[in-house]
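J.: Dumping the structure here so I can ask a few things about it.
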Amino acid sequence: MATPNHPGNHDHQSKELPQVLVLEPPPIMKLHGDRFLNDFQLLKAWESPLPLDQFLSIHAQSVKALLTPGRYPLTRNILQLLPSLQLVVTTSAGLNHIDLPEFQRRGIAIASAGDVYSEDVADMAVGFLIDVLRKISAADRYVRKGLWDTKTEFPLGSKLCSKRVGIVGLGSIGQEVAKRLQAFGCRIMYTSRNKKPSVSYPYYSNVLELAADSDVLIICCGLTEQTRHMINKDVMLALGKEGVVINIGRGAIIDEKELVQCLVQRELAGAGLDVFENEPHVPRELLTMDNVVLSPHRAVRTPESLTAMCEHVKGNLEAFFSNKPLLSPVMNI
Ligand SMILES: O=CC(=O)O
């Protein structure tokens, strides 16, 4: 039987389904295709031979919902072409690709990844930290290069238990990181927009003071105008020469030039980085540092998290089109 969105559909059948505009396929579609959205009529901008503005103008009056991956910039210009838009479902936890003030002005709702990725991202943050401290990636390179059998001694790593870990942003991801590292015997403290009444970890309103009292900073917050370059040279110097920075948030939360400088000048002991200021560009200096662990913005992605995200996206769209509360509305835009 022909299914909606597949060749062989009858037009009248597709038109009865709620329309969802997709400007660029999110990673979940790359893994799972789009059959999980069979109850919707997907308007796939990237498959159209028309320029984007022409494609959008055809659907401008009817499109109420848009599905988008994290990296696609949803600017005021795009929104102007979509006067009927009421909902954006983004498959990302981060929202820095969205012009939030314009969404607020227009009253467009946003459904985000919510906490679907939080456990996987937290696992990755802990993985980075253990790797940097115990030099796992560096040890792997040492063995593969055949250096074990030589006079080049592999350096000692450093203990995780009892490290003072400063978490920057105690949202869903930050709380998963805290839970894991507490089990490893670390001392957790945090900074966040507001003190969280539900946790007993020491709260710092000031990131500089948090850094001064921490051995490790783990960046778990979103990128906003307030957090851009929040981790600057002063913060890194406060963290100190034995300090480690882990970033699973967004690259631009750290001043990357200053990070590189601190690492080159040994003002920091190491870093674990999943995200960069200008992806996929990675500063050349980092590529040769054994005390730095790198990954290509993959912390959120596991087959399990992407499968869960399919259900989550579907759930948010179904809720919207049946006038029910969204599963993961973004509040306080
Ligand atoms: O980085 C990935 C995301 O924000 O989901």
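Residues in the structure tokens are named by chain (A, B, ... in the order shown) and by number from 1 within that chain; ligands are numbered from 1 in the order shown.
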Could I get the residue neighbourhood of ligand 1 at 7 Å, counting only C-alpha atoms and all ligand atoms, as a list in words?
T.: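 Residues lying within 7 Å of ligand 1: Gly70, Thr91, Ser92, Ala93, Gly94, Leu95, Ala113, Gly249, His297 and Val300 of chain A.
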J.: Can I get the selected residues back with C-alpha atoms, as a PDB file, in the first residue's frame?
T.:
```pdb
ATOM      1  CA  GLY A  70      20.214  22.070  15.433  1.00  0.00           C
ATOM      2  CA  THR A  91      16.045  18.022  17.210  1.00  0.00           C
ATOM      3  CA  SER A  92      18.755  19.785  19.212  1.00  0.00           C
ATOM      4  CA  ALA A  93      19.142  20.455  22.906  1.00  0.00           C
ATOM      5  CA  GLY A  94      20.885  23.759  22.122  1.00  0.00           C
ATOM      6  CA  LEU A  95      18.829  26.685  20.824  1.00  0.00           C
ATOM      7  CA  ALA A 113      15.199  17.820  22.407  1.00  0.00           C
ATOM      8  CA  GLY A 249      27.994  22.620  25.363  1.00  0.00           C
ATOM      9  CA  HIS A 297      30.395  17.204  18.029  1.00  0.00           C
ATOM     10  CA  VAL A 300      24.384  13.710  21.720  1.00  0.00           C
TER      11      VAL A 300
END
```
J.: Excluding A:Arg164 and its own-chain neighbours fewer than 2 positions away, which residues fall within 12 Å of it when counting only C-alpha atoms? Please give them as a PyMOL selection string.
T.: chain A and resi 159-162+166-167+178+181-182+184-190+201-202+210-218+239+242-244
J.: Can I get the selection written as a compact mmCIF listing (two decimals), in the first residue's frame, with C-alpha atoms?
T.:
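See part_5.txt below for the written result:
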```
# COMPACT_ATOMS: atom_id res chain seq x y z
CA LYS A 159 43.19 10.44 39.97
CA LEU A 160 39.50 11.23 39.36
CA CYS A 161 38.16 10.46 42.83
CA SER A 162 37.97 13.54 45.10
CA GLY A 166 32.63 22.83 38.80
CA ILE A 167 29.63 22.34 36.56
CA ALA A 178 26.85 15.66 38.58
CA LEU A 181 30.75 12.17 39.00
CA GLN A 182 29.37 12.06 42.52
CA PHE A 184 33.09 8.51 41.27
CA GLY A 185 33.74 10.34 44.55
CA CYS A 186 34.12 13.83 43.08
CA ARG A 187 33.06 16.97 44.92
CA ILE A 188 30.42 18.72 42.86
CA MET A 189 29.73 22.46 42.77
CA TYR A 190 28.02 24.53 40.12
CA TYR A 201 25.71 21.06 45.70
CA PRO A 202 27.39 24.37 46.57
CA LEU A 210 33.69 28.60 40.81
CA ALA A 211 36.83 28.15 38.69
CA ALA A 212 39.08 29.26 41.55
CA ASP A 213 37.58 26.55 43.79
CA SER A 214 37.55 23.77 41.13
CA ASP A 215 40.03 21.30 39.63
CA VAL A 216 37.79 20.71 36.62
CA LEU A 217 35.22 22.84 34.80
CA ILE A 218 32.56 21.03 32.76
CA LEU A 239 41.18 27.22 37.35
CA GLU A 242 46.43 21.59 37.11
CA GLY A 243 42.97 22.47 35.84
CA VAL A 244 41.00 20.63 33.15
```
J.: Env of A:Val292: 6 Å cut, atoms = only C-alpha atoms, seq-sep filter 3 positions within chain, self excluded. Answer as a PyMOL selection string.
T.: chain A and resi 270-272+289
J.: Write out, as a PDB file, in the first residue's frame, the residues just selected, with all heavy atoms.
T.:
```pdb
ATOM      1  N   GLY A 270      44.782  20.331  30.767  1.00  0.00           N
ATOM      2  CA  GLY A 270      44.234  19.598  29.626  1.00  0.00           C
ATOM      3  C   GLY A 270      42.804  19.999  29.325  1.00  0.00           C
ATOM      4  O   GLY A 270      42.189  20.785  30.051  1.00  0.00           O
ATOM      5  N   ALA A 271      42.289  19.432  28.247  1.00  0.00           N
ATOM      6  CA  ALA A 271      40.917  19.749  27.849  1.00  0.00           C
ATOM      7  C   ALA A 271      40.307  18.569  27.099  1.00  0.00           C
ATOM      8  O   ALA A 271      41.012  17.800  26.437  1.00  0.00           O
ATOM      9  CB  ALA A 271      40.900  20.995  26.959  1.00  0.00           C
ATOM     10  N   GLY A 272      38.988  18.457  27.230  1.00  0.00           N
ATOM     11  CA  GLY A 272      38.222  17.484  26.445  1.00  0.00           C
ATOM     12  C   GLY A 272      37.148  18.258  25.714  1.00  0.00           C
ATOM     13  O   GLY A 272      36.326  18.930  26.342  1.00  0.00           O
ATOM     14  N   MET A 289      48.417  17.989  20.684  1.00  0.00           N
ATOM     15  CA  MET A 289      48.549  17.985  22.151  1.00  0.00           C
ATOM     16  C   MET A 289      48.035  16.668  22.730  1.00  0.00           C
ATOM     17  O   MET A 289      46.861  16.332  22.542  1.00  0.00           O
ATOM     18  CB  MET A 289      47.748  19.131  22.755  1.00  0.00           C
ATOM     19  CG  MET A 289      48.314  20.489  22.445  1.00  0.00           C
ATOM     20  SD  MET A 289      47.271  21.756  23.219  1.00  0.00           S
ATOM     21  CE  MET A 289      48.161  23.216  22.732  1.00  0.00           C
TER      22      MET A 289
END
```
J.: Which residues, written as number ranges by chain, have at least one atom at most 12 Å from A:Phe103, with only C-alpha atoms counted and residues fewer than 4 positions away on the same chain left out?
T.: A: 74-80, 82-83, 85-88, 95, 97-99, 107-110, 330-333
J.: Can you pull out the residues contacting A:Val22? Cut-off 9 Å, using only C-alpha atoms, and skip same-chain residues under 5 positions away; I want them as a ChimeraX atom specification.
T.: /A:42-46,65-69
J.: Of the candidates A:Val293, A:Leu263, A:Ser205, A:Ala139, which one gets nearest to A:Glu153 if we count only C-alpha atoms?
T.: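 The shortest atom-to-atom distance to A:Glu153 comes from A:Ala139.
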J.: So how far away is atom CA of A:Met29 from atom CA of A:Ile248, in Å?
T.: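 We find that atom CA of A:Ile248 and atom CA of A:Met29 lie 23.0 Å from each other.
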J.: Of the residues A:Gly169, A:Gly315, A:Pro197, A:Gly240, which is the one nearest to A:Val89, using only C-alpha atoms?
T.: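 Closest residue, counting only C-alpha atoms: A:Gly315.
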J.: What is the atom CA of A:Asp115-atom CA of A:Leu327 distance in Å, reported with one decimal?
T.: 10.4 Å
J.: In Å, with one decimal, what is the gap from atom CA of A:Ile253 to atom CA of A:Val168?
T.: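 According to the coordinates, atom CA of A:Ile253 and atom CA of A:Val168 are separated by 10.2 Å.
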J.: Using only C-alpha atoms, which of A:Gly251, A:Gln265, A:Val282, A:Ile246 sits nearest A:Phe128?
T.: A:Ile246
J.: Taking the DSSP assignment computed from this structure's backbone, write out as an MDAnalysis selection string all residues of stretch 57-155 of chain A that belong to strand (DSSP E).
T.: chainID A and resid 65:68 87:90 109:111
J.: For those residues, write N, CA, C and O atoms to a file as a PDB file, in the first residue's frame.
T.:
```pdb
ATOM      1  N   ALA A  65       3.873  24.181  11.103  1.00  0.00           N
ATOM      2  CA  ALA A  65       4.903  23.503  11.907  1.00  0.00           C
ATOM      3  C   ALA A  65       6.155  23.257  11.081  1.00  0.00           C
ATOM      4  O   ALA A  65       6.081  22.942   9.888  1.00  0.00           O
ATOM      5  N   LEU A  66       7.284  23.421  11.725  1.00  0.00           N
ATOM      6  CA  LEU A  66       8.574  23.251  11.056  1.00  0.00           C
ATOM      7  C   LEU A  66       9.449  22.334  11.909  1.00  0.00           C
ATOM      8  O   LEU A  66       9.500  22.485  13.134  1.00  0.00           O
ATOM      9  N   LEU A  67      10.098  21.392  11.254  1.00  0.00           N
ATOM     10  CA  LEU A  67      11.035  20.482  11.929  1.00  0.00           C
ATOM     11  C   LEU A  67      12.440  20.823  11.448  1.00  0.00           C
ATOM     12  O   LEU A  67      12.662  20.947  10.235  1.00  0.00           O
ATOM     13  N   THR A  68      13.366  20.984  12.386  1.00  0.00           N
ATOM     14  CA  THR A  68      14.693  21.443  11.962  1.00  0.00           C
ATOM     15  C   THR A  68      15.814  20.814  12.782  1.00  0.00           C
ATOM     16  O   THR A  68      15.631  20.535  13.969  1.00  0.00           O
ATOM     17  N   LEU A  87       4.791  26.649  15.273  1.00  0.00           N
ATOM     18  CA  LEU A  87       5.619  25.721  16.054  1.00  0.00           C
ATOM     19  C   LEU A  87       6.904  25.376  15.311  1.00  0.00           C
ATOM     20  O   LEU A  87       6.876  25.099  14.107  1.00  0.00           O
ATOM     21  N   VAL A  88       8.011  25.370  16.057  1.00  0.00           N
ATOM     22  CA  VAL A  88       9.251  24.783  15.534  1.00  0.00           C
ATOM     23  C   VAL A  88       9.643  23.634  16.442  1.00  0.00           C
ATOM     24  O   VAL A  88       9.685  23.789  17.672  1.00  0.00           O
ATOM     25  N   VAL A  89       9.886  22.488  15.846  1.00  0.00           N
ATOM     26  CA  VAL A  89      10.426  21.355  16.596  1.00  0.00           C
ATOM     27  C   VAL A  89      11.884  21.228  16.180  1.00  0.00           C
ATOM     28  O   VAL A  89      12.186  20.991  15.006  1.00  0.00           O
ATOM     29  N   THR A  90      12.779  21.461  17.129  1.00  0.00           N
ATOM     30  CA  THR A  90      14.203  21.303  16.808  1.00  0.00           C
ATOM     31  C   THR A  90      14.705  20.014  17.438  1.00  0.00           C
ATOM     32  O   THR A  90      14.323  19.678  18.567  1.00  0.00           O
ATOM     33  N   ALA A 109       5.813  28.802  19.207  1.00  0.00           N
ATOM     34  CA  ALA A 109       6.272  27.855  20.238  1.00  0.00           C
ATOM     35  C   ALA A 109       7.485  27.076  19.721  1.00  0.00           C
ATOM     36  O   ALA A 109       7.639  26.862  18.512  1.00  0.00           O
ATOM     37  N   ILE A 110       8.320  26.658  20.660  1.00  0.00           N
ATOM     38  CA  ILE A 110       9.493  25.826  20.304  1.00  0.00           C
ATOM     39  C   ILE A 110       9.434  24.555  21.144  1.00  0.00           C
ATOM     40  O   ILE A 110       9.229  24.615  22.356  1.00  0.00           O
ATOM     41  N   ALA A 111       9.623  23.419  20.473  1.00  0.00           N
ATOM     42  CA  ALA A 111       9.810  22.155  21.197  1.00  0.00           C
ATOM     43  C   ALA A 111      11.250  21.721  20.926  1.00  0.00           C
ATOM     44  O   ALA A 111      11.678  21.639  19.771  1.00  0.00           O
TER      45      ALA A 111
END
```
